[in-house]
Amino acid sequence: MKDQDVDDFDPTGDEPPSTLRGILRRAECDIRDNKAVAELSEDINSAYLQRFAIGDDVLRAKISVATDAALVRALERLELN
């Protein structure tokens, strides 16, 4: 099970990941690159969040599924039936 914590996802390669951590990172990348998600993120940033700022820093949204691609987090999210 320890080898499943290895991040074997290569965003520039064609080989699919074989570990749970790599699969989770690939899913996160695919979701972030999805046209609908990218458009929604841009819409939120340009139509709503650009009006808000903390000092000189404008707020920006980032849509994601996982905050980290750790094996423990992936296993916690799985439902085993």
# chains A, B, ... in the order shown; residues from 1 in each chain; ligands from 1

$ residues_around --residues "Ser64 of chain A" --least-positions-apart "6" --cutoff "12 Å" --atoms "only C-alpha atoms" --output "list in words"
Leu24, Arg25, Arg26, Ala27, Glu28, Cys29, Asp30, Ile31, Arg32, Asp33, Asn34, Val37, Ala38, Leu40 and Ser41 of chain A

$ residues_around --residues "Ala61 of chain A" --least-positions-apart "2" --cutoff "8 Å" --atoms "only C-alpha atoms" --output "PyMOL selection string"
chain A and resi 41+44-45+49+59+63

$ write_last_selection --atoms "C-alpha atoms" --output "JSON list (two decimals), in the first residue's frame"
[["chain", "number", "residue", "atom", "x", "y", "z"],
["A", 41, "SER", "CA", -13.64, 30.05, -12.75],
["A", 44, "ILE", "CA", -16.35, 34.11, -10.96],
["A", 45, "ASN", "CA", -13.04, 35.97, -11.03],
["A", 49, "LEU", "CA", -14.25, 38.68, -7.22],
["A", 59, "LEU", "CA", -9.17, 37.86, -4.75],
["A", 63, "ILE", "CA", -11.93, 25.47, -8.52]]

$ residues_around --residues "Asp10 of chain A" --least-positions-apart "5" --cutoff "12 Å" --atoms "only C-alpha atoms" --output "list in words"
Glu15, Pro16, Pro17, Ser18, Thr19, Arg21, Gly22, Ile23, Arg25, Arg26 and Cys29 of chain A

$ select_by_dssp --residues "segment 27-79 of chain A" --states "strand (DSSP E or B)" --output "list in words"
Ala53, Ile54, Asp57 and Val58 of chain A

$ atom_distance --atom1 "atom CA of Asp8 of chain A" --atom2 "atom CA of Leu20 of chain A"
9.1 Å

$ atom_distance --atom1 "atom CA of Arg73 of chain A" --atom2 "atom CA of Glu42 of chain A"
27.6 Å

$ select_by_dssp --residues "chain A" --states "alpha helix (DSSP H)" --output "MDAnalysis selection string"
chainID A and resid 20:33 35:47 71:77

$ write_last_selection --atoms "N, CA and C atoms" --output "mmCIF file, in the first residue's frame"
data_model
loop_
_atom_site.group_PDB
_atom_site.id
_atom_site.type_symbol
_atom_site.label_atom_id
_atom_site.label_comp_id
_atom_site.auth_asym_id
_atom_site.auth_seq_id
_atom_site.Cartn_x
_atom_site.Cartn_y
_atom_site.Cartn_z
ATOM 1 N N LEU A 20 -2.633 5.444 -6.705
ATOM 2 C CA LEU A 20 -3.804 6.219 -6.294
ATOM 3 C C LEU A 20 -3.486 7.714 -6.237
ATOM 4 N N ARG A 21 -2.326 8.052 -5.716
ATOM 5 C CA ARG A 21 -1.967 9.464 -5.640
ATOM 6 C C ARG A 21 -1.807 10.070 -7.034
ATOM 7 N N GLY A 22 -1.216 9.335 -7.956
ATOM 8 C CA GLY A 22 -1.072 9.820 -9.322
ATOM 9 C C GLY A 22 -2.411 9.974 -10.024
ATOM 10 N N ILE A 23 -3.302 9.023 -9.805
ATOM 11 C CA ILE A 23 -4.642 9.086 -10.399
ATOM 12 C C ILE A 23 -5.401 10.297 -9.877
ATOM 13 N N LEU A 24 -5.281 10.570 -8.570
ATOM 14 C CA LEU A 24 -5.946 11.730 -7.981
ATOM 15 C C LEU A 24 -5.396 13.028 -8.570
ATOM 16 N N ARG A 25 -4.097 13.125 -8.748
ATOM 17 C CA ARG A 25 -3.490 14.320 -9.352
ATOM 18 C C ARG A 25 -3.937 14.486 -10.795
ATOM 19 N N ARG A 26 -4.041 13.365 -11.538
ATOM 20 C CA ARG A 26 -4.491 13.466 -12.931
ATOM 21 C C ARG A 26 -5.943 13.937 -12.993
ATOM 22 N N ALA A 27 -6.791 13.406 -12.117
ATOM 23 C CA ALA A 27 -8.199 13.822 -12.093
ATOM 24 C C ALA A 27 -8.300 15.315 -11.789
ATOM 25 N N GLU A 28 -7.517 15.774 -10.822
ATOM 26 C CA GLU A 28 -7.513 17.193 -10.480
ATOM 27 C C GLU A 28 -7.092 18.036 -11.689
ATOM 28 N N CYS A 29 -6.074 17.612 -12.386
ATOM 29 C CA CYS A 29 -5.586 18.327 -13.568
ATOM 30 C C CYS A 29 -6.641 18.330 -14.675
ATOM 31 N N ASP A 30 -7.272 17.183 -14.915
ATOM 32 C CA ASP A 30 -8.298 17.094 -15.958
ATOM 33 C C ASP A 30 -9.502 17.968 -15.638
ATOM 34 N N ILE A 31 -9.898 18.003 -14.381
ATOM 35 C CA ILE A 31 -11.038 18.834 -13.985
ATOM 36 C C ILE A 31 -10.689 20.306 -14.122
ATOM 37 N N ARG A 32 -9.512 20.705 -13.685
ATOM 38 C CA ARG A 32 -9.083 22.097 -13.784
ATOM 39 C C ARG A 32 -9.002 22.544 -15.246
ATOM 40 N N ASP A 33 -8.610 21.632 -16.152
ATOM 41 C CA ASP A 33 -8.459 21.959 -17.567
ATOM 42 C C ASP A 33 -9.766 21.841 -18.364
ATOM 43 N N LYS A 35 -13.157 22.684 -20.004
ATOM 44 C CA LYS A 35 -13.605 23.969 -20.555
ATOM 45 C C LYS A 35 -14.658 24.629 -19.667
ATOM 46 N N ALA A 36 -15.652 23.865 -19.208
ATOM 47 C CA ALA A 36 -16.726 24.430 -18.393
ATOM 48 C C ALA A 36 -16.187 24.934 -17.054
ATOM 49 N N VAL A 37 -15.299 24.182 -16.436
ATOM 50 C CA VAL A 37 -14.722 24.591 -15.155
ATOM 51 C C VAL A 37 -13.863 25.834 -15.339
ATOM 52 N N ALA A 38 -13.065 25.877 -16.401
ATOM 53 C CA ALA A 38 -12.217 27.044 -16.671
ATOM 54 C C ALA A 38 -13.066 28.287 -16.921
ATOM 55 N N GLU A 39 -14.149 28.143 -17.685
ATOM 56 C CA GLU A 39 -15.023 29.278 -17.957
ATOM 57 C C GLU A 39 -15.721 29.760 -16.691
ATOM 58 N N LEU A 40 -16.166 28.838 -15.862
ATOM 59 C CA LEU A 40 -16.823 29.210 -14.610
ATOM 60 C C LEU A 40 -15.856 29.923 -13.687
ATOM 61 N N SER A 41 -14.657 29.414 -13.589
ATOM 62 C CA SER A 41 -13.639 30.050 -12.752
ATOM 63 C C SER A 41 -13.352 31.471 -13.228
ATOM 64 N N GLU A 42 -13.197 31.646 -14.523
ATOM 65 C CA GLU A 42 -12.942 32.975 -15.083
ATOM 66 C C GLU A 42 -14.133 33.902 -14.853
ATOM 67 N N ASP A 43 -15.349 33.374 -14.988
ATOM 68 C CA ASP A 43 -16.552 34.171 -14.765
ATOM 69 C C ASP A 43 -16.619 34.637 -13.308
ATOM 70 N N ILE A 44 -16.343 33.745 -12.387
ATOM 71 C CA ILE A 44 -16.353 34.112 -10.962
ATOM 72 C C ILE A 44 -15.311 35.191 -10.696
ATOM 73 N N ASN A 45 -14.113 35.016 -11.263
ATOM 74 C CA ASN A 45 -13.037 35.970 -11.032
ATOM 75 C C ASN A 45 -13.327 37.335 -11.652
ATOM 76 N N SER A 46 -13.815 37.362 -12.889
ATOM 77 C CA SER A 46 -14.005 38.641 -13.576
ATOM 78 C C SER A 46 -15.311 39.330 -13.201
ATOM 79 N N ALA A 47 -16.378 38.580 -12.983
ATOM 80 C CA ALA A 47 -17.679 39.202 -12.743
ATOM 81 C C ALA A 47 -17.950 39.469 -11.265
ATOM 82 N N LEU A 71 -2.188 10.239 -0.243
ATOM 83 C CA LEU A 71 -2.846 8.939 -0.253
ATOM 84 C C LEU A 71 -3.894 8.844 0.851
ATOM 85 N N VAL A 72 -3.591 9.353 2.021
ATOM 86 C CA VAL A 72 -4.539 9.290 3.140
ATOM 87 C C VAL A 72 -5.839 9.987 2.769
ATOM 88 N N ARG A 73 -5.750 11.158 2.136
ATOM 89 C CA ARG A 73 -6.947 11.897 1.722
ATOM 90 C C ARG A 73 -7.746 11.113 0.679
ATOM 91 N N ALA A 74 -7.050 10.490 -0.262
ATOM 92 C CA ALA A 74 -7.732 9.713 -1.293
ATOM 93 C C ALA A 74 -8.474 8.542 -0.672
ATOM 94 N N LEU A 75 -7.846 7.856 0.253
ATOM 95 C CA LEU A 75 -8.486 6.708 0.895
ATOM 96 C C LEU A 75 -9.674 7.141 1.757
ATOM 97 N N GLU A 76 -9.575 8.298 2.391
ATOM 98 C CA GLU A 76 -10.692 8.806 3.190
ATOM 99 C C GLU A 76 -11.912 9.097 2.331
ATOM 100 N N ARG A 77 -11.690 9.478 1.081
ATOM 101 C CA ARG A 77 -12.794 9.856 0.185
ATOM 102 C C ARG A 77 -13.435 8.669 -0.511
#
